[in-house]
Amino acid sequence: MIILFISLQKKDMMDTVKNRRTIRKYQQKDITSDLLNDLLETSFRASTMGGMQLYSVVVTRDAEKKEILSPAHFNQPMIKSAPVVLTFCADFRRFCKYCQERNAKPGYDNLMSFLNAAMDTLLVAQTFCTLAEEAGLGICYLGTTTYNPQMIIDALHLPELVFPITTVTVGYPAESPKQVDRLPIEGIIHEESYHDYTAEDINRLYAYKESLPENKQFIEENHKETLAQVFTDVRYTKKDNEFMSENLLKVLRQQGFMNDEQ
């Protein structure tokens with residue numbers, strides 16, 4: 001009986017992940033603090049480097065606070081319409097303070113420490129998202145968080161050694177959008193060692209994505225020849241990435257994660 005119960009639980013979770021959709025429209029229904037805190041506390045059981053838990057989560061419910069955060073996310077409507085906005089932050093400040101209080105000298109003002117905290121943070125964020133969806137909530141991951149980190153730092157009063165990594169909007173779904181495509185499994189898994197892609201591999205792996213009507217529409221609307229050009233020339237350009245990279249390094253230094261020698 002116990003084995004059957006565990007198997008059913010696994011099946012339910014697998015189905016939830018397989019059928020997941022990004023939700024951008026939410027019911028005007030509150031998420032109770034008990035539910036939210038339970039989901040967050042459970043997500044904090046995610047793997048973490050050395051048991052240090054190098055993350056913090058800022059919970060935003062207040063409409064005025066959302067208004068302040070909105071420009072940092074290019075005014076995407078989910079920020080204002082979702083009942084809860086969660087900003088997951090890499091946080092070495094708490095652990096450094098712990099070290100200082102215990103007569104230990106922390107040496108975490110460097111890029112490696114930031115990367116460790118960022119990985120901790122993303123593990124927690126993804127664990128939370130999976131748990132939230134299993135509980136019937138919808139989520140939207142906002143990749144814009146690291147585009148405008150200083151605006152978020154100012155809005156949330158993040159001190160030194162705390163850096164925003166990702167933002168997730170959460171609420172009860174008010175839509176059931178079409179599921180977004182994914183590459184076939186053989187295009188991502190490499191047995192034993194990495195096997196580079198031939199031109200034939202690329203053509204096969206991206207054939208379905210390129211055949212979708214919505215992607216053909218993207219090409220036409222942007223006056224491009226291929227879907228790849230939509231990505232390189234419009235959505236994620238070299239110029240934009242270089243600008244945001246410079247800004248990211250600048251703010252990392254300001255937040256104490258890169259000393260002058262790096």
# chains A, B, ... in the order shown; residues from 1 in each chain; ligands from 1
>>> select_by_dssp(residues="stretch 22-253 of chain A", states="strand (DSSP E)", output="list in words")
Tyr55, Ser56, Val57, Val58, Val59, Thr60, Val84, Val85, Leu86, Thr87, Phe88, Cys89, Ala90, Asp91, Gly138, Ile139, Cys140, Tyr141, Leu142, Val162, Phe163, Pro164, Ile165, Thr166, Thr167, Val168, Thr169, Val170 and Gly171 of chain A
>>> write_last_selection(atoms="N, CA, C and O atoms", output="mmCIF file, in the first residue's frame")
data_model
loop_
_atom_site.group_PDB
_atom_site.id
_atom_site.type_symbol
_atom_site.label_atom_id
_atom_site.label_comp_id
_atom_site.auth_asym_id
_atom_site.auth_seq_id
_atom_site.Cartn_x
_atom_site.Cartn_y
_atom_site.Cartn_z
ATOM 1 N N TYR A 55 20.603 32.269 -0.065
ATOM 2 C CA TYR A 55 19.520 32.936 -0.778
ATOM 3 C C TYR A 55 18.577 33.600 0.209
ATOM 4 O O TYR A 55 18.520 33.258 1.392
ATOM 5 N N SER A 56 17.840 34.574 -0.300
ATOM 6 C CA SER A 56 16.716 35.182 0.412
ATOM 7 C C SER A 56 15.606 35.406 -0.601
ATOM 8 O O SER A 56 15.864 35.503 -1.809
ATOM 9 N N VAL A 57 14.374 35.473 -0.115
ATOM 10 C CA VAL A 57 13.222 35.688 -0.989
ATOM 11 C C VAL A 57 12.452 36.898 -0.481
ATOM 12 O O VAL A 57 12.055 36.945 0.686
ATOM 13 N N VAL A 58 12.247 37.874 -1.344
ATOM 14 C CA VAL A 58 11.450 39.052 -0.994
ATOM 15 C C VAL A 58 10.045 38.849 -1.541
ATOM 16 O O VAL A 58 9.862 38.662 -2.751
ATOM 17 N N VAL A 59 9.061 38.866 -0.655
ATOM 18 C CA VAL A 59 7.656 38.676 -1.027
ATOM 19 C C VAL A 59 6.993 40.039 -1.187
ATOM 20 O O VAL A 59 7.002 40.852 -0.262
ATOM 21 N N THR A 60 6.435 40.294 -2.358
ATOM 22 C CA THR A 60 5.774 41.568 -2.623
ATOM 23 C C THR A 60 4.294 41.327 -2.906
ATOM 24 O O THR A 60 3.934 40.641 -3.863
ATOM 25 N N VAL A 84 0.956 37.796 -5.883
ATOM 26 C CA VAL A 84 2.246 37.745 -5.197
ATOM 27 C C VAL A 84 3.378 37.803 -6.221
ATOM 28 O O VAL A 84 3.328 37.131 -7.256
ATOM 29 N N VAL A 85 4.382 38.608 -5.913
ATOM 30 C CA VAL A 85 5.603 38.663 -6.705
ATOM 31 C C VAL A 85 6.754 38.263 -5.790
ATOM 32 O O VAL A 85 6.931 38.836 -4.713
ATOM 33 N N LEU A 86 7.525 37.275 -6.213
ATOM 34 C CA LEU A 86 8.646 36.790 -5.411
ATOM 35 C C LEU A 86 9.955 37.122 -6.110
ATOM 36 O O LEU A 86 10.149 36.773 -7.278
ATOM 37 N N THR A 87 10.848 37.790 -5.409
ATOM 38 C CA THR A 87 12.172 38.079 -5.933
ATOM 39 C C THR A 87 13.172 37.190 -5.189
ATOM 40 O O THR A 87 13.372 37.350 -3.983
ATOM 41 N N PHE A 88 13.750 36.262 -5.917
ATOM 42 C CA PHE A 88 14.723 35.335 -5.333
ATOM 43 C C PHE A 88 16.119 35.943 -5.475
ATOM 44 O O PHE A 88 16.548 36.257 -6.587
ATOM 45 N N CYS A 89 16.789 36.089 -4.347
ATOM 46 C CA CYS A 89 18.067 36.800 -4.316
ATOM 47 C C CYS A 89 19.212 35.917 -3.847
ATOM 48 O O CYS A 89 19.069 35.166 -2.871
ATOM 49 N N ALA A 90 20.353 36.022 -4.530
ATOM 50 C CA ALA A 90 21.585 35.438 -4.017
ATOM 51 C C ALA A 90 21.981 36.255 -2.792
ATOM 52 O O ALA A 90 22.034 37.481 -2.857
ATOM 53 N N ASP A 91 22.245 35.566 -1.675
ATOM 54 C CA ASP A 91 22.461 36.289 -0.415
ATOM 55 C C ASP A 91 23.628 35.679 0.357
ATOM 56 O O ASP A 91 23.501 34.610 0.953
ATOM 57 N N GLY A 138 -0.363 29.012 -10.546
ATOM 58 C CA GLY A 138 0.344 29.243 -11.795
ATOM 59 C C GLY A 138 1.502 30.186 -11.546
ATOM 60 O O GLY A 138 1.438 31.050 -10.676
ATOM 61 N N ILE A 139 2.567 30.003 -12.322
ATOM 62 C CA ILE A 139 3.745 30.858 -12.136
ATOM 63 C C ILE A 139 4.246 31.385 -13.477
ATOM 64 O O ILE A 139 3.990 30.800 -14.535
ATOM 65 N N CYS A 140 4.957 32.495 -13.392
ATOM 66 C CA CYS A 140 5.652 33.028 -14.560
ATOM 67 C C CYS A 140 7.041 33.466 -14.119
ATOM 68 O O CYS A 140 7.185 34.296 -13.218
ATOM 69 N N TYR A 141 8.047 32.884 -14.734
ATOM 70 C CA TYR A 141 9.436 33.229 -14.466
ATOM 71 C C TYR A 141 9.802 34.449 -15.300
ATOM 72 O O TYR A 141 9.571 34.480 -16.508
ATOM 73 N N LEU A 142 10.364 35.469 -14.654
ATOM 74 C CA LEU A 142 10.739 36.700 -15.350
ATOM 75 C C LEU A 142 12.259 36.780 -15.477
ATOM 76 O O LEU A 142 12.968 37.017 -14.492
ATOM 77 N N VAL A 162 23.900 41.059 -1.488
ATOM 78 C CA VAL A 162 22.580 40.518 -1.854
ATOM 79 C C VAL A 162 22.296 40.968 -3.283
ATOM 80 O O VAL A 162 22.433 42.148 -3.600
ATOM 81 N N PHE A 163 21.906 40.024 -4.146
ATOM 82 C CA PHE A 163 21.741 40.343 -5.570
ATOM 83 C C PHE A 163 20.528 39.606 -6.125
ATOM 84 O O PHE A 163 20.379 38.400 -5.931
ATOM 85 N N PRO A 164 19.631 40.315 -6.842
ATOM 86 C CA PRO A 164 18.435 39.665 -7.410
ATOM 87 C C PRO A 164 18.805 38.741 -8.567
ATOM 88 O O PRO A 164 19.528 39.142 -9.476
ATOM 89 N N ILE A 165 18.302 37.513 -8.515
ATOM 90 C CA ILE A 165 18.623 36.521 -9.541
ATOM 91 C C ILE A 165 17.438 36.250 -10.459
ATOM 92 O O ILE A 165 17.564 36.220 -11.676
ATOM 93 N N THR A 166 16.263 36.042 -9.877
ATOM 94 C CA THR A 166 15.077 35.801 -10.699
ATOM 95 C C THR A 166 13.829 36.254 -9.957
ATOM 96 O O THR A 166 13.811 36.313 -8.721
ATOM 97 N N THR A 167 12.813 36.573 -10.713
ATOM 98 C CA THR A 167 11.525 36.970 -10.163
ATOM 99 C C THR A 167 10.461 36.006 -10.675
ATOM 100 O O THR A 167 10.472 35.619 -11.848
ATOM 101 N N VAL A 168 9.553 35.625 -9.792
ATOM 102 C CA VAL A 168 8.472 34.712 -10.150
ATOM 103 C C VAL A 168 7.149 35.326 -9.711
ATOM 104 O O VAL A 168 6.995 35.694 -8.549
ATOM 105 N N THR A 169 6.220 35.472 -10.634
ATOM 106 C CA THR A 169 4.871 35.899 -10.266
ATOM 107 C C THR A 169 4.037 34.654 -10.003
ATOM 108 O O THR A 169 4.182 33.635 -10.679
ATOM 109 N N VAL A 170 3.156 34.746 -9.006
ATOM 110 C CA VAL A 170 2.403 33.574 -8.551
ATOM 111 C C VAL A 170 0.941 33.937 -8.339
ATOM 112 O O VAL A 170 0.629 35.011 -7.798
ATOM 113 N N GLY A 171 0.053 33.033 -8.733
ATOM 114 C CA GLY A 171 -1.374 33.245 -8.489
ATOM 115 C C GLY A 171 -2.183 32.067 -9.008
ATOM 116 O O GLY A 171 -1.649 31.152 -9.634
#
>>> residues_around(residues="A:Ile68", least_positions_apart="6", cutoff="9 Å", atoms="only C-alpha atoms", output="PDB file with N, CA, C and O atoms, in the first residue's frame")
ATOM      1  N   MET A 151      17.725  48.709 -10.358  1.00  0.00           N
ATOM      2  CA  MET A 151      16.374  49.179 -10.082  1.00  0.00           C
ATOM      3  C   MET A 151      15.699  48.297  -9.035  1.00  0.00           C
ATOM      4  O   MET A 151      14.988  48.791  -8.154  1.00  0.00           O
ATOM      5  N   ILE A 152      15.939  47.001  -9.123  1.00  0.00           N
ATOM      6  CA  ILE A 152      15.347  46.072  -8.156  1.00  0.00           C
ATOM      7  C   ILE A 152      16.028  46.209  -6.801  1.00  0.00           C
ATOM      8  O   ILE A 152      15.365  46.189  -5.752  1.00  0.00           O
ATOM      9  N   ALA A 155      14.568  49.289  -5.267  1.00  0.00           N
ATOM     10  CA  ALA A 155      13.155  49.117  -4.899  1.00  0.00           C
ATOM     11  C   ALA A 155      12.990  48.258  -3.650  1.00  0.00           C
ATOM     12  O   ALA A 155      12.115  48.515  -2.817  1.00  0.00           O
TER      13      ALA A 155
END
>>> residues_around(residues="A:Lys29", least_positions_apart="4", cutoff="10 Å", atoms="only C-alpha atoms", output="compact mmCIF listing (two decimals) with N, CA, C and O atoms, in the first residue's frame")
# COMPACT_ATOMS: atom_id res chain seq x y z
N ALA A 82 -0.52 39.90 -10.70
CA ALA A 82 -0.35 38.72 -9.86
C ALA A 82 -0.53 39.09 -8.39
O ALA A 82 -0.08 40.15 -7.95
N PRO A 83 -1.18 38.24 -7.61
CA PRO A 83 -1.35 38.55 -6.18
C PRO A 83 -0.03 38.58 -5.41
O PRO A 83 0.10 39.32 -4.44
N GLY A 171 0.05 33.03 -8.73
CA GLY A 171 -1.37 33.24 -8.49
C GLY A 171 -2.18 32.07 -9.01
O GLY A 171 -1.65 31.15 -9.63
N TYR A 172 -3.48 32.12 -8.74
CA TYR A 172 -4.37 31.10 -9.28
C TYR A 172 -4.63 31.41 -10.76
O TYR A 172 -5.00 32.55 -11.10
N PRO A 173 -4.44 30.45 -11.65
CA PRO A 173 -4.53 30.72 -13.10
C PRO A 173 -5.90 31.24 -13.53
O PRO A 173 -6.94 30.76 -13.07
>>> residues_around(residues="A:Phe128", least_positions_apart="2", cutoff="8 Å", atoms="only C-alpha atoms", output="ChimeraX atom specification")
/A:39-40,42-43,124-126,130-132
>>> atom_distance(atom1="atom CA of A:Asn103", atom2="atom CA of A:Leu115")
25.0 Å
>>> select_by_dssp(residues="stretch 2-97 of chain A", states="helix (DSSP H, G or I)", output="ChimeraX atom specification")
/A:2-18,33-43,49-51,63-73,78-81,93-97
>>> residues_around(residues="stretch 250-252 of chain A", least_positions_apart="4", cutoff="8 Å", atoms="only C-alpha atoms", output="PyMOL selection string")
chain A and resi 149-150+163+246+256-258
>>> residues_around(residues="A:Asn215", least_positions_apart="6", cutoff="10 Å", atoms="only C-alpha atoms", output="VMD selection string")
chain A and resid 209 221 226 to 227 230
>>> write_last_selection(atoms="N, CA, C and O atoms", output="mmCIF file, in the first residue's frame")
data_model
loop_
_atom_site.group_PDB
_atom_site.id
_atom_site.type_symbol
_atom_site.label_atom_id
_atom_site.label_comp_id
_atom_site.auth_asym_id
_atom_site.auth_seq_id
_atom_site.Cartn_x
_atom_site.Cartn_y
_atom_site.Cartn_z
ATOM 1 N N LYS A 209 10.135 23.141 -34.279
ATOM 2 C CA LYS A 209 10.034 24.527 -33.796
ATOM 3 C C LYS A 209 9.841 25.484 -34.966
ATOM 4 O O LYS A 209 9.021 26.399 -34.909
ATOM 5 N N GLU A 221 6.636 38.925 -39.262
ATOM 6 C CA GLU A 221 6.441 40.214 -38.597
ATOM 7 C C GLU A 221 7.738 40.997 -38.460
ATOM 8 O O GLU A 221 7.742 42.232 -38.513
ATOM 9 N N THR A 226 14.858 33.746 -41.261
ATOM 10 C CA THR A 226 14.789 32.542 -40.442
ATOM 11 C C THR A 226 14.409 32.893 -39.003
ATOM 12 O O THR A 226 14.540 34.040 -38.566
ATOM 13 N N LEU A 227 13.971 31.876 -38.257
ATOM 14 C CA LEU A 227 13.655 32.070 -36.844
ATOM 15 C C LEU A 227 14.907 32.422 -36.059
ATOM 16 O O LEU A 227 14.860 33.232 -35.124
ATOM 17 N N VAL A 230 15.470 36.023 -35.891
ATOM 18 C CA VAL A 230 14.606 36.728 -34.941
ATOM 19 C C VAL A 230 15.288 36.791 -33.576
ATOM 20 O O VAL A 230 15.255 37.817 -32.890
#
>>> closest_residue(among="A:Ser113, A:Thr48, A:Leu156, A:Cys99", to="A:Lys66", atoms="only C-alpha atoms")
A:Leu156
>>> closest_residue(among="A:Thr232, A:Ser211, A:Thr237, A:Gln53", to="A:Asp181", atoms="only C-alpha atoms")
A:Ser211
>>> decode(residues="stretch 20-169 of chain A", atoms="C-alpha atoms", output="mmCIF file, in the first residue's frame")
data_model
loop_
_atom_site.group_PDB
_atom_site.id
_atom_site.type_symbol
_atom_site.label_atom_id
_atom_site.label_comp_id
_atom_site.auth_asym_id
_atom_site.auth_seq_id
_atom_site.Cartn_x
_atom_site.Cartn_y
_atom_site.Cartn_z
ATOM 1 C CA ARG A 20 3.064 22.786 -17.091
ATOM 2 C CA ARG A 21 2.359 26.120 -18.742
ATOM 3 C CA THR A 22 3.577 29.626 -18.055
ATOM 4 C CA ILE A 23 0.701 31.611 -16.546
ATOM 5 C CA ARG A 24 0.552 35.352 -17.132
ATOM 6 C CA LYS A 25 -3.091 35.988 -16.202
ATOM 7 C CA TYR A 26 -4.324 35.404 -12.666
ATOM 8 C CA GLN A 27 -7.585 35.280 -10.787
ATOM 9 C CA GLN A 28 -8.139 38.063 -8.276
ATOM 10 C CA LYS A 29 -7.841 35.544 -5.490
ATOM 11 C CA ASP A 30 -5.384 35.904 -2.652
ATOM 12 C CA ILE A 31 -2.781 33.308 -1.753
ATOM 13 C CA THR A 32 -2.879 32.754 1.987
ATOM 14 C CA SER A 33 0.292 33.347 3.968
ATOM 15 C CA ASP A 34 0.054 29.823 5.343
ATOM 16 C CA LEU A 35 0.068 28.280 1.859
ATOM 17 C CA LEU A 36 2.806 30.547 0.529
ATOM 18 C CA ASN A 37 5.034 30.057 3.555
ATOM 19 C CA ASP A 38 4.514 26.293 3.432
ATOM 20 C CA LEU A 39 5.556 26.207 -0.224
ATOM 21 C CA LEU A 40 8.582 28.402 0.433
ATOM 22 C CA GLU A 41 9.661 26.509 3.526
ATOM 23 C CA THR A 42 9.428 23.225 1.651
ATOM 24 C CA SER A 43 11.407 24.642 -1.269
ATOM 25 C CA PHE A 44 14.171 25.555 1.177
ATOM 26 C CA ARG A 45 14.863 21.806 1.411
ATOM 27 C CA ALA A 46 16.428 22.074 -2.057
ATOM 28 C CA SER A 47 20.107 21.248 -2.394
ATOM 29 C CA THR A 48 22.408 24.008 -1.156
ATOM 30 C CA MET A 49 26.172 24.464 -1.086
ATOM 31 C CA GLY A 50 27.609 23.359 2.246
ATOM 32 C CA GLY A 51 24.246 23.750 3.937
ATOM 33 C CA MET A 52 24.741 27.530 3.861
ATOM 34 C CA GLN A 53 21.416 28.438 2.165
ATOM 35 C CA LEU A 54 22.832 31.341 0.188
ATOM 36 C CA TYR A 55 19.520 32.936 -0.778
ATOM 37 C CA SER A 56 16.716 35.182 0.412
ATOM 38 C CA VAL A 57 13.222 35.688 -0.989
ATOM 39 C CA VAL A 58 11.450 39.052 -0.994
ATOM 40 C CA VAL A 59 7.656 38.676 -1.027
ATOM 41 C CA THR A 60 5.774 41.568 -2.623
ATOM 42 C CA ARG A 61 2.003 41.847 -2.247
ATOM 43 C CA ASP A 62 1.539 45.607 -1.882
ATOM 44 C CA ALA A 63 0.226 47.329 -5.036
ATOM 45 C CA GLU A 64 2.459 50.370 -4.600
ATOM 46 C CA LYS A 65 5.555 48.187 -4.260
ATOM 47 C CA LYS A 66 4.581 46.331 -7.430
ATOM 48 C CA GLU A 67 4.233 49.676 -9.171
ATOM 49 C CA ILE A 68 7.812 50.512 -8.212
ATOM 50 C CA LEU A 69 9.093 47.112 -9.376
ATOM 51 C CA SER A 70 7.210 47.162 -12.669
ATOM 52 C CA PRO A 71 9.625 49.344 -14.727
ATOM 53 C CA ALA A 72 12.525 47.032 -13.873
ATOM 54 C CA HIS A 73 10.582 44.277 -15.645
ATOM 55 C CA PHE A 74 9.693 46.438 -18.648
ATOM 56 C CA ASN A 75 6.168 46.915 -17.253
ATOM 57 C CA GLN A 76 5.089 43.371 -18.008
ATOM 58 C CA PRO A 77 1.462 43.187 -16.797
ATOM 59 C CA MET A 78 2.057 40.108 -14.605
ATOM 60 C CA ILE A 79 3.934 42.187 -12.047
ATOM 61 C CA LYS A 80 0.858 44.269 -11.223
ATOM 62 C CA SER A 81 -1.836 41.643 -11.785
ATOM 63 C CA ALA A 82 -0.348 38.721 -9.857
ATOM 64 C CA PRO A 83 -1.346 38.549 -6.182
ATOM 65 C CA VAL A 84 2.246 37.745 -5.197
ATOM 66 C CA VAL A 85 5.603 38.663 -6.705
ATOM 67 C CA LEU A 86 8.646 36.790 -5.411
ATOM 68 C CA THR A 87 12.172 38.079 -5.933
ATOM 69 C CA PHE A 88 14.723 35.335 -5.333
ATOM 70 C CA CYS A 89 18.067 36.800 -4.316
ATOM 71 C CA ALA A 90 21.585 35.438 -4.017
ATOM 72 C CA ASP A 91 22.461 36.289 -0.415
ATOM 73 C CA PHE A 92 25.902 35.970 1.153
ATOM 74 C CA ARG A 93 25.232 38.809 3.595
ATOM 75 C CA ARG A 94 23.468 36.664 6.184
ATOM 76 C CA PHE A 95 26.208 34.017 6.214
ATOM 77 C CA CYS A 96 28.970 36.643 6.347
ATOM 78 C CA LYS A 97 27.293 38.249 9.359
ATOM 79 C CA TYR A 98 27.100 34.827 10.974
ATOM 80 C CA CYS A 99 30.832 34.339 10.390
ATOM 81 C CA GLN A 100 31.652 37.734 11.862
ATOM 82 C CA GLU A 101 29.542 37.048 14.945
ATOM 83 C CA ARG A 102 31.439 33.771 15.468
ATOM 84 C CA ASN A 103 34.973 35.166 15.145
ATOM 85 C CA ALA A 104 35.409 33.791 11.605
ATOM 86 C CA LYS A 105 36.681 35.902 8.718
ATOM 87 C CA PRO A 106 34.480 35.558 5.609
ATOM 88 C CA GLY A 107 36.095 35.726 2.186
ATOM 89 C CA TYR A 108 33.058 35.819 -0.028
ATOM 90 C CA ASP A 109 33.422 39.152 -1.835
ATOM 91 C CA ASN A 110 34.221 37.490 -5.153
ATOM 92 C CA LEU A 111 32.737 36.108 -8.340
ATOM 93 C CA MET A 112 32.951 32.456 -7.259
ATOM 94 C CA SER A 113 30.859 33.214 -4.179
ATOM 95 C CA PHE A 114 28.282 35.001 -6.303
ATOM 96 C CA LEU A 115 28.018 32.010 -8.641
ATOM 97 C CA ASN A 116 27.593 29.644 -5.699
ATOM 98 C CA ALA A 117 24.847 31.821 -4.233
ATOM 99 C CA ALA A 118 23.197 32.214 -7.653
ATOM 100 C CA MET A 119 23.062 28.425 -8.117
ATOM 101 C CA ASP A 120 21.600 28.001 -4.624
ATOM 102 C CA THR A 121 18.989 30.613 -5.457
ATOM 103 C CA LEU A 122 17.916 29.054 -8.751
ATOM 104 C CA LEU A 123 17.609 25.607 -7.175
ATOM 105 C CA VAL A 124 15.224 27.046 -4.588
ATOM 106 C CA ALA A 125 13.293 29.071 -7.166
ATOM 107 C CA GLN A 126 12.694 26.072 -9.428
ATOM 108 C CA THR A 127 11.748 23.865 -6.487
ATOM 109 C CA PHE A 128 9.223 26.478 -5.391
ATOM 110 C CA CYS A 129 7.763 26.735 -8.898
ATOM 111 C CA THR A 130 7.260 22.968 -9.127
ATOM 112 C CA LEU A 131 5.628 22.829 -5.690
ATOM 113 C CA ALA A 132 3.397 25.828 -6.459
ATOM 114 C CA GLU A 133 2.147 24.271 -9.695
ATOM 115 C CA GLU A 134 1.495 20.975 -7.929
ATOM 116 C CA ALA A 135 -0.621 22.965 -5.436
ATOM 117 C CA GLY A 136 -2.759 24.390 -8.263
ATOM 118 C CA LEU A 137 -1.046 27.756 -8.609
ATOM 119 C CA GLY A 138 0.344 29.243 -11.795
ATOM 120 C CA ILE A 139 3.745 30.858 -12.136
ATOM 121 C CA CYS A 140 5.652 33.028 -14.560
ATOM 122 C CA TYR A 141 9.436 33.229 -14.466
ATOM 123 C CA LEU A 142 10.739 36.700 -15.350
ATOM 124 C CA GLY A 143 14.177 36.650 -16.919
ATOM 125 C CA THR A 144 14.253 40.438 -16.807
ATOM 126 C CA THR A 145 15.525 40.433 -13.211
ATOM 127 C CA THR A 146 19.207 40.514 -14.137
ATOM 128 C CA TYR A 147 18.596 43.058 -16.918
ATOM 129 C CA ASN A 148 17.879 45.856 -14.456
ATOM 130 C CA PRO A 149 19.364 44.704 -11.153
ATOM 131 C CA GLN A 150 20.023 48.181 -9.766
ATOM 132 C CA MET A 151 16.374 49.179 -10.082
ATOM 133 C CA ILE A 152 15.347 46.072 -8.156
ATOM 134 C CA ILE A 153 18.081 46.589 -5.564
ATOM 135 C CA ASP A 154 16.825 50.134 -4.970
ATOM 136 C CA ALA A 155 13.155 49.117 -4.899
ATOM 137 C CA LEU A 156 13.703 46.291 -2.418
ATOM 138 C CA HIS A 157 16.508 47.962 -0.423
ATOM 139 C CA LEU A 158 18.918 45.092 -1.002
ATOM 140 C CA PRO A 159 22.173 45.599 0.938
ATOM 141 C CA GLU A 160 25.721 44.605 -0.003
ATOM 142 C CA LEU A 161 26.250 40.934 -0.875
ATOM 143 C CA VAL A 162 22.580 40.518 -1.854
ATOM 144 C CA PHE A 163 21.741 40.343 -5.570
ATOM 145 C CA PRO A 164 18.435 39.665 -7.410
ATOM 146 C CA ILE A 165 18.623 36.521 -9.541
ATOM 147 C CA THR A 166 15.077 35.801 -10.699
ATOM 148 C CA THR A 167 11.525 36.970 -10.163
ATOM 149 C CA VAL A 168 8.472 34.712 -10.150
ATOM 150 C CA THR A 169 4.871 35.899 -10.266
#
